[in-house]
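Below is the file upload-v2.txt, which contains compact mmCIF, C-alpha atoms (C1' of nucleotides).
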```
# COMPACT_ATOMS: atom_id res chain seq x y z
CA MET W 273 34.70 -101.35 -33.79
CA ARG W 274 31.51 -101.00 -31.81
CA ILE W 275 28.95 -103.71 -31.20
CA SER W 276 25.55 -102.13 -31.83
CA THR W 277 22.58 -102.27 -29.48
CA LYS W 278 21.19 -105.10 -31.56
CA GLY W 279 24.09 -107.32 -30.61
CA ARG W 280 24.31 -106.10 -27.05
CA TYR W 281 20.59 -106.43 -26.42
CA ALA W 282 20.43 -109.81 -28.12
CA LEU W 283 23.10 -111.03 -25.73
CA LYS W 284 21.26 -109.51 -22.78
CA VAL W 285 18.06 -111.26 -23.81
CA MET W 286 19.83 -114.59 -24.09
CA ILE W 287 21.45 -114.08 -20.70
CA ASP W 288 18.13 -113.10 -19.18
CA LEU W 289 16.42 -116.14 -20.65
CA ALA W 290 19.24 -118.30 -19.32
CA GLN W 291 18.95 -116.83 -15.84
CA HIS W 292 15.19 -117.43 -15.77
CA ASN W 293 15.20 -120.71 -17.59
CA ASP W 294 12.54 -122.68 -15.70
CA GLY W 295 10.81 -124.33 -18.64
CA THR W 296 8.07 -121.70 -18.89
CA TYR W 297 7.86 -118.97 -21.49
CA ILE W 298 9.22 -115.59 -20.44
CA SER W 299 7.41 -112.52 -21.79
CA LEU W 300 9.17 -109.57 -23.33
CA LYS W 301 7.40 -107.42 -20.75
CA GLU W 302 9.43 -109.08 -18.00
CA ILE W 303 12.69 -108.98 -19.91
CA ALA W 304 12.14 -105.36 -20.94
CA ALA W 305 11.54 -104.37 -17.31
CA ARG W 306 14.58 -106.23 -16.01
CA GLN W 307 16.94 -105.09 -18.75
CA ASP W 308 15.49 -101.59 -19.08
CA ILE W 309 14.87 -101.81 -22.82
CA SER W 310 11.61 -100.90 -24.57
CA ILE W 311 9.33 -103.82 -25.39
CA LYS W 312 8.87 -102.61 -28.94
CA TYR W 313 12.58 -102.56 -29.66
CA LEU W 314 13.04 -105.93 -28.04
CA GLU W 315 10.37 -107.37 -30.30
CA ALA W 316 12.55 -106.66 -33.32
CA ILE W 317 15.65 -108.14 -31.75
CA VAL W 318 14.03 -111.25 -30.34
CA GLY W 319 12.35 -111.70 -33.70
CA ILE W 320 15.77 -112.22 -35.24
CA LEU W 321 16.77 -114.74 -32.59
CA ASN W 322 13.47 -116.51 -33.07
CA LYS W 323 13.76 -116.77 -36.84
CA ALA W 324 17.28 -118.10 -36.42
CA GLY W 325 16.00 -120.84 -34.14
CA PHE W 326 17.90 -119.57 -31.13
CA VAL W 327 14.76 -119.24 -29.02
CA GLY W 328 11.32 -120.76 -29.03
CA SER W 329 8.20 -118.63 -28.82
CA GLN W 330 4.63 -119.02 -27.77
CA ARG W 331 2.01 -116.50 -28.77
CA GLY W 332 -1.09 -115.52 -26.84
CA LYS W 333 -1.70 -115.05 -23.16
CA SER W 334 1.10 -116.28 -20.88
CA GLY W 335 3.22 -116.68 -23.96
CA GLY W 336 6.78 -115.54 -24.41
CA TYR W 337 10.19 -116.96 -25.22
CA ARG W 338 12.52 -119.62 -23.95
CA LEU W 339 15.88 -121.14 -24.78
CA LEU W 340 15.83 -124.27 -26.92
CA ARG W 341 19.27 -125.66 -26.06
CA ASP W 342 21.55 -125.97 -23.10
CA THR W 343 23.34 -122.73 -22.22
CA GLY W 344 26.64 -124.42 -23.06
CA GLU W 345 25.44 -124.86 -26.62
CA TYR W 346 25.18 -121.16 -27.43
CA THR W 347 28.39 -119.31 -28.22
CA ALA W 348 28.67 -115.56 -27.83
CA GLY W 349 29.87 -115.43 -31.41
CA SER W 350 26.82 -117.20 -32.81
CA ILE W 351 24.44 -114.89 -30.97
CA LEU W 352 26.29 -111.74 -31.98
CA LYS W 353 26.66 -112.82 -35.59
CA ILE W 354 22.94 -113.49 -35.91
CA ALA W 355 22.02 -110.17 -34.33
CA GLU W 356 24.65 -108.01 -36.02
CA GLY W 357 24.63 -109.75 -39.36
CA SER W 358 28.41 -109.91 -39.41
CA LEU W 359 31.29 -109.33 -37.06
CA ALA W 360 33.91 -108.81 -39.73
CA PRO W 361 36.04 -105.67 -39.29
CA VAL W 362 35.79 -104.86 -43.01
CA SER W 363 33.06 -105.64 -45.52
CA CYS W 364 35.63 -107.20 -47.85
CA LEU W 365 35.49 -110.27 -45.61
CA ASP W 366 31.74 -110.71 -45.94
CA GLY W 367 30.14 -113.23 -48.25
CA ALA W 368 31.73 -114.83 -51.26
CA SER W 369 31.81 -111.56 -53.20
CA GLY W 370 34.86 -110.10 -51.55
CA CYS W 371 36.79 -107.14 -52.88
CA GLU W 372 38.12 -106.84 -56.42
CA LYS W 373 41.47 -105.60 -55.27
CA ALA W 374 41.84 -108.34 -52.69
CA ASP W 375 44.96 -109.74 -54.33
CA GLU W 376 46.89 -106.50 -54.24
CA CYS W 377 45.52 -105.25 -50.92
CA THR W 378 48.26 -104.84 -48.36
CA SER W 379 45.84 -104.36 -45.49
CA LEU W 380 43.68 -107.40 -46.09
CA PRO W 381 45.87 -109.95 -44.30
CA LEU W 382 45.65 -107.86 -41.15
CA TRP W 383 41.86 -107.71 -41.32
CA ARG W 384 41.70 -111.42 -41.97
CA ASN W 385 43.81 -112.15 -38.93
CA LEU W 386 41.86 -109.72 -36.77
CA ASP W 387 38.62 -111.32 -37.89
CA ARG W 388 39.95 -114.71 -36.91
CA VAL W 389 41.19 -113.53 -33.53
CA VAL W 390 37.79 -112.05 -32.73
CA ASP W 391 35.91 -115.05 -34.03
CA ASP W 392 38.10 -117.52 -32.20
CA TYR W 393 37.52 -115.78 -28.91
CA LEU W 394 33.78 -115.21 -29.26
CA GLU W 395 33.21 -118.78 -30.44
CA SER W 396 35.13 -120.07 -27.44
CA VAL W 397 32.76 -118.46 -24.95
CA THR W 398 29.32 -119.94 -24.30
CA LEU W 399 26.31 -118.49 -22.55
CA LYS W 400 27.17 -120.82 -19.70
CA ASP W 401 30.64 -119.31 -19.45
CA ILE W 402 29.22 -115.79 -19.41
CA LEU W 403 26.91 -116.61 -16.51
CA GLU W 404 29.86 -117.98 -14.59
CA MET W 405 32.12 -115.04 -15.38
CA LYS W 406 30.08 -112.76 -13.17
CA MET R 288 32.30 -104.35 -35.42
CA ARG R 289 33.39 -102.42 -38.47
CA ILE R 290 36.53 -100.36 -38.80
CA SER R 291 35.48 -97.08 -40.44
CA THR R 292 37.15 -95.52 -43.46
CA LYS R 293 39.08 -93.27 -41.10
CA GLY R 294 40.90 -96.22 -39.63
CA ARG R 295 41.24 -98.08 -42.91
CA TYR R 296 42.50 -95.07 -44.81
CA ALA R 297 44.84 -94.07 -42.00
CA LEU R 298 46.41 -97.50 -42.20
CA LYS R 299 46.63 -97.27 -45.98
CA VAL R 300 48.37 -93.92 -45.71
CA MET R 301 50.89 -95.26 -43.23
CA ILE R 302 51.52 -98.28 -45.43
CA ASP R 303 51.92 -96.06 -48.49
CA LEU R 304 54.35 -93.79 -46.65
CA ALA R 305 56.28 -96.84 -45.54
CA GLN R 306 56.46 -98.23 -49.06
CA HIS R 307 57.75 -94.93 -50.43
CA ASN R 308 59.92 -94.02 -47.50
CA ASP R 309 62.96 -92.49 -49.21
CA GLY R 310 63.51 -89.57 -46.89
CA THR R 311 61.62 -87.09 -49.04
CA TYR R 312 58.15 -85.77 -48.33
CA ILE R 313 55.31 -87.54 -50.11
CA SER R 314 52.37 -85.37 -51.21
CA LEU R 315 48.76 -86.29 -50.61
CA LYS R 316 48.24 -85.96 -54.33
CA GLU R 317 50.47 -88.98 -54.91
CA ILE R 318 48.96 -90.99 -52.08
CA ALA R 319 45.42 -90.14 -53.14
CA ALA R 320 46.15 -91.29 -56.69
CA ARG R 321 47.77 -94.54 -55.59
CA GLN R 322 45.16 -95.39 -52.96
CA ASP R 323 42.19 -94.05 -54.91
CA ILE R 324 40.97 -91.78 -52.13
CA SER R 325 40.05 -88.10 -52.55
CA ILE R 326 42.73 -85.64 -51.51
CA LYS R 327 40.27 -83.64 -49.47
CA TYR R 328 39.22 -86.59 -47.38
CA LEU R 329 42.81 -87.66 -46.92
CA GLU R 330 43.66 -84.21 -45.61
CA ALA R 331 41.38 -84.76 -42.64
CA ILE R 332 42.75 -88.20 -41.91
CA VAL R 333 46.42 -87.34 -42.28
CA GLY R 334 45.76 -84.28 -40.14
CA ILE R 335 44.94 -86.61 -37.26
CA LEU R 336 48.09 -88.65 -37.79
CA ASN R 337 50.11 -85.46 -37.98
CA LYS R 338 48.73 -83.97 -34.77
CA ALA R 339 49.39 -87.26 -33.02
CA GLY R 340 53.02 -87.11 -34.10
CA PHE R 341 52.77 -90.22 -36.26
CA VAL R 342 53.96 -88.41 -39.37
CA GLY R 343 55.97 -85.29 -40.11
CA SER R 344 54.77 -82.71 -42.58
CA GLN R 345 56.24 -80.00 -44.74
CA ARG R 346 54.06 -77.29 -46.21
CA GLY R 347 54.53 -75.49 -49.49
CA LYS R 348 55.79 -76.64 -52.82
CA SER R 349 57.29 -80.12 -52.90
CA GLY R 350 55.99 -80.58 -49.39
CA GLY R 351 54.09 -83.56 -48.04
CA TYR R 352 54.37 -86.14 -45.32
CA ARG R 353 56.83 -88.73 -44.12
CA LEU R 354 57.19 -91.28 -41.37
CA LEU R 355 59.10 -90.20 -38.28
CA ARG R 356 60.05 -93.58 -36.88
CA ASP R 357 61.12 -96.97 -38.09
CA THR R 358 58.25 -99.05 -39.49
CA GLY R 359 58.78 -101.54 -36.69
CA GLU R 360 57.93 -98.84 -34.17
CA TYR R 361 54.35 -98.32 -35.36
CA THR R 362 51.75 -100.85 -34.24
CA ALA R 363 48.52 -101.38 -36.15
CA GLY R 364 46.69 -100.80 -32.87
CA SER R 365 48.27 -97.42 -32.24
CA ILE R 366 47.43 -96.20 -35.75
CA LEU R 367 43.85 -97.45 -35.62
CA LYS R 368 43.24 -96.09 -32.13
CA ILE R 369 44.43 -92.63 -33.13
CA ALA R 370 42.31 -92.62 -36.28
CA GLU R 371 39.18 -94.24 -34.85
CA GLY R 372 39.34 -92.64 -31.44
CA SER R 373 38.73 -95.97 -29.73
CA LEU R 374 38.65 -99.62 -30.65
CA ALA R 375 36.56 -100.75 -27.68
CA PRO R 376 33.54 -102.91 -28.57
CA VAL R 377 31.32 -101.01 -26.12
CA SER R 378 31.49 -97.41 -24.92
CA CYS R 379 31.41 -98.61 -21.30
CA LEU R 380 35.10 -99.41 -21.71
CA ASP R 381 36.07 -95.92 -22.83
CA GLY R 382 37.66 -93.38 -20.52
CA ALA R 383 37.51 -93.37 -16.77
CA SER R 384 33.78 -92.64 -16.73
CA GLY R 385 32.55 -96.14 -17.44
CA CYS R 386 29.01 -97.32 -16.96
CA GLU R 387 27.02 -96.89 -13.75
CA LYS R 388 25.76 -100.44 -13.80
CA ALA R 389 29.22 -101.88 -14.45
CA ASP R 390 29.18 -103.85 -11.20
CA GLU R 391 25.96 -105.68 -11.95
CA CYS R 392 26.51 -106.03 -15.70
CA THR R 393 26.68 -109.66 -16.76
CA SER R 394 27.93 -108.84 -20.24
CA LEU R 395 30.78 -106.56 -19.28
CA PRO R 396 33.40 -109.26 -18.59
CA LEU R 397 32.89 -110.56 -22.12
CA TRP R 398 33.40 -107.11 -23.61
CA ARG R 399 36.46 -106.56 -21.47
CA ASN R 400 37.98 -109.82 -22.66
CA LEU R 401 37.09 -109.13 -26.27
CA ASP R 402 38.65 -105.71 -26.01
CA ARG R 403 41.83 -107.25 -24.68
CA VAL R 404 41.96 -109.93 -27.35
CA VAL R 405 41.63 -107.30 -30.07
CA ASP R 406 44.10 -104.96 -28.47
CA ASP R 407 46.66 -107.69 -27.86
CA TYR R 408 46.58 -108.72 -31.48
CA LEU R 409 46.65 -105.26 -33.02
CA GLU R 410 49.44 -104.12 -30.72
CA SER R 411 51.47 -107.18 -31.68
CA VAL R 412 51.52 -106.25 -35.36
CA THR R 413 53.75 -103.47 -36.63
CA LEU R 414 53.77 -101.63 -39.93
CA LYS R 415 56.88 -103.64 -40.75
CA ASP R 416 54.96 -106.87 -40.17
CA ILE R 417 52.13 -105.72 -42.42
CA LEU R 418 54.48 -104.99 -45.28
CA GLU R 419 55.96 -108.45 -44.93
CA MET R 420 52.58 -110.18 -44.70
CA LYS R 421 51.88 -109.50 -48.34
C1' DT D 249 -15.02 -113.92 -24.24
C1' DA D 250 -11.65 -110.95 -22.43
C1' DT D 251 -6.93 -110.47 -21.96
C1' DA D 252 -2.22 -110.70 -22.82
C1' DA D 253 1.06 -111.92 -25.49
C1' DT D 254 3.74 -112.46 -30.13
C1' DC D 255 4.10 -111.00 -34.85
C1' DC D 256 4.19 -107.84 -38.88
C1' DT D 257 4.91 -103.62 -41.53
C1' DA D 258 5.71 -99.00 -41.82
C1' DT D 259 7.56 -94.71 -40.24
C1' DA D 260 10.65 -91.43 -38.00
C1' DA D 261 14.14 -89.18 -35.27
C1' DA D 262 18.87 -89.00 -34.27
C1' DA D 263 23.51 -90.01 -34.78
C1' DA D 264 27.45 -91.39 -37.24
C1' DC D 265 29.81 -91.71 -41.41
C1' DA D 266 31.88 -90.16 -45.56
C1' DA D 267 32.94 -86.90 -47.80
C1' DT D 268 33.19 -81.94 -50.21
C1' DA D 269 34.10 -76.88 -50.48
C1' DG D 270 36.58 -72.74 -50.17
C1' DG D 271 40.15 -70.44 -49.02
C1' DA D 272 44.32 -69.08 -45.88
C1' DA D 273 49.09 -69.95 -44.97
C1' DT D 274 53.46 -71.66 -46.27
C1' DT D 275 57.44 -72.94 -48.92
C1' DA D 276 60.22 -74.51 -52.79
C1' DA D 277 61.39 -73.82 -57.44
C1' DC D 278 62.02 -70.93 -61.22
C1' DG P 282 60.07 -61.84 -56.28
C1' DT P 283 56.63 -64.34 -58.43
C1' DT P 284 54.40 -68.49 -59.28
C1' DA P 285 52.96 -72.88 -58.32
C1' DA P 286 52.16 -76.51 -55.31
C1' DT P 287 51.29 -77.95 -51.16
C1' DT P 288 49.57 -78.31 -46.22
C1' DC P 289 46.29 -76.46 -42.99
C1' DC P 290 41.81 -74.85 -41.16
C1' DT P 291 36.78 -74.42 -40.65
C1' DA P 292 32.39 -75.15 -42.19
C1' DT P 293 28.86 -77.56 -44.59
C1' DT P 294 26.38 -81.29 -46.82
C1' DG P 295 24.56 -85.66 -48.29
C1' DT P 296 24.00 -90.39 -47.18
C1' DT P 297 23.59 -94.30 -44.47
C1' DT P 298 23.05 -96.63 -40.27
C1' DT P 299 21.34 -96.86 -35.90
C1' DT P 300 17.83 -96.76 -32.69
C1' DA P 301 13.97 -96.90 -31.96
C1' DT P 302 8.31 -95.98 -32.07
C1' DA P 303 3.46 -96.74 -33.76
C1' DG P 304 -0.48 -99.23 -34.89
C1' DG P 305 -2.68 -102.99 -35.46
C1' DA P 306 -3.27 -108.13 -36.86
C1' DT P 307 -2.89 -112.64 -35.04
C1' DT P 308 -2.83 -116.14 -31.57
C1' DA P 309 -3.63 -118.68 -27.42
C1' DT P 310 -4.63 -118.93 -22.55
C1' DA P 311 -7.36 -118.15 -18.46
```
Before we go any further, please render this structure as structure tokens.
Amino acid sequence: MRISTKGRYALKVMIDLAQHNDGTYISLKEIAARQDISIKYLEAIVGILNKAGFVGSQRGKSGGYRLLRDTGEYTAGSILKIAEGSLAPVSCLDGASGCEKADECTSLPLWRNLDRVVDDYLESVTLKDILEMK
Amino acid sequence: MRISTKGRYALKVMIDLAQHNDGTYISLKEIAARQDISIKYLEAIVGILNKAGFVGSQRGKSGGYRLLRDTGEYTAGSILKIAEGSLAPVSCLDGASGCEKADECTSLPLWRNLDRVVDDYLESVTLKDILEMK
DNA sequence: TATAATCCTATAAAAACAATAGGAATTAAC
DNA sequence: GTTAATTCCTATTGTTTTTATAGGATTATA
């Protein structure tokens, strides 16, 4: 049940951007130094957040990234889902496809409930909340 | 955040043993056929459950496995933790070691809460509950 | 025009996952 | 007592996922 580095780093990036949210663009060089993650790896992760519209980017000199919404508008769940692809405990819960044996599966209700419990919690916490948890 | 086949199959085995709990020993051959999992792979998984004292075994002809306690005494969490090793969303939460930067980590409180939410739910559900969920 | 940044695609090393294989040990049934 | 069926043990293997790294094209500012 591990969150991969993609999810963890994506969250760290969002937190970092929130903590240095002064209207200017923050470069990956800065974030990489502060969070001790390689720039190259961060590029891939921030790329996902960028495509999803979670951050804005500016190319060229003095470019970088910045948040597009208020910190209270980003949930931990939304960030992690974008970065990880899915948070479901079993693949049967992904997409519309589902599993063929879903009807007879005795375990499925448990996974469904677990998925909901996780989702409910992570969607209840915003970036703002995380900054205040510290 | 996926549960691996170890955890999923371990749960399936426990459910199968519960559903065929007539006091006799159930062979892996039967379980493998019903659950559509290879016997060889099941051996490894049931071995874990056996060592942990979750099931009793009998070797030799007409041997197999059986539950040792009432179905209400097994929680989903206990089964999954034994099979998976840990259910924590980040390794920082495992063991006494922890992470060096735990004090300054802005994400850690979120992971701690998520871990608790997951654990609380999975410990609240017993094998008996799962059988009745169907 | 030089510099510093994002963006894009491909590649690779390492780890985890998901099994499979072969046989030793044990026990019940015949 | 012999056979057959089963657990138990250790090692190995193939695949997939994870975790990056590399090189360079593109873009925009100073």
Any chance you could tabulate, as a Markdown table, the residues of chain R at most 9 Å from chain P with each one's nearest atom pair and distance in Å to one decimal, using only C-alpha atoms (C1' of nucleotides), in chain and rising number order?
```
| residue | atom | partner | partner_atom | distance |
| --- | --- | --- | --- | --- |
| R:Ser314 | CA | P:DT287 | C1' | 7.5 |
| R:Leu315 | CA | P:DT287 | C1' | 8.7 |
| R:Glu330 | CA | P:DT288 | C1' | 8.4 |
| R:Gly334 | CA | P:DC289 | C1' | 8.3 |
| R:Ser344 | CA | P:DT288 | C1' | 7.7 |
| R:Gln345 | CA | P:DT288 | C1' | 7.0 |
| R:Arg346 | CA | P:DT288 | C1' | 4.6 |
| R:Gly347 | CA | P:DT287 | C1' | 4.4 |
| R:Lys348 | CA | P:DA286 | C1' | 4.4 |
| R:Ser349 | CA | P:DT287 | C1' | 6.6 |
| R:Gly350 | CA | P:DT287 | C1' | 5.7 |
| R:Gly351 | CA | P:DT287 | C1' | 7.0 |
```
Given the selection you just returned, output its residues as a file containing C-alpha atoms, formatted as a short mmCIF file (atom, residue, chain, number, x, y, z; two decimals), in the coordinates of the input.
```cif
data_model
loop_
_atom_site.label_atom_id
_atom_site.label_comp_id
_atom_site.auth_asym_id
_atom_site.auth_seq_id
_atom_site.Cartn_x
_atom_site.Cartn_y
_atom_site.Cartn_z
CA SER R 314 52.37 -85.37 -51.21
CA LEU R 315 48.76 -86.29 -50.61
CA GLU R 330 43.66 -84.21 -45.61
CA GLY R 334 45.76 -84.28 -40.14
CA SER R 344 54.77 -82.71 -42.58
CA GLN R 345 56.24 -80.00 -44.74
CA ARG R 346 54.06 -77.29 -46.21
CA GLY R 347 54.53 -75.49 -49.49
CA LYS R 348 55.79 -76.64 -52.82
CA SER R 349 57.29 -80.12 -52.90
CA GLY R 350 55.99 -80.58 -49.39
CA GLY R 351 54.09 -83.56 -48.04
#
```
Query - Long-range neighbours of Gly349 (chain W) as a PyMOL selection string, 12 Å cut-off, all atoms listed in the file, 6 positions minimum in chain - result: (chain W and resi 275+279-280+282-283+355-360+387-399) or (chain R and resi 397-398+401)
Report summary line: Closest of R:Tyr328, R:Leu418, R:Leu304, R:Asp381 to chain D, counting all atoms listed in the file, is R:Tyr328
Report summary line: Atom pair CA of Leu336 (chain R) + CA of Tyr296 (chain R), distance 11.0 Å
**Report entry** Minimum-distance residue to chain R, chosen among W:Gln307, W:Gly370, W:Asp294, W:Ala316 (using all atoms listed in the file)
**Finding:**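 Of the candidates, the smallest distance to chain R is held by W:Gln307.
Here CA of Ile298 (chain W) is placed at a distance of 26.7 Å from CA of Glu387 (chain R).
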Report task. Kindly determine which residues of chain W lie within 6 Å of chain R, considering only C-alpha atoms, and give the answer as JSON, numbers by chain. Result -> {"W": [273, 274, 275, 359, 361, 362, 378, 406]}
Report task. Tell me which of D:DA250, D:DC255, D:DA263, D:DA277 sits closest to chain R, counting only C-alpha atoms (C1' of nucleotides). Result ->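 Of the candidates, the smallest distance to chain R is held by D:DA277.
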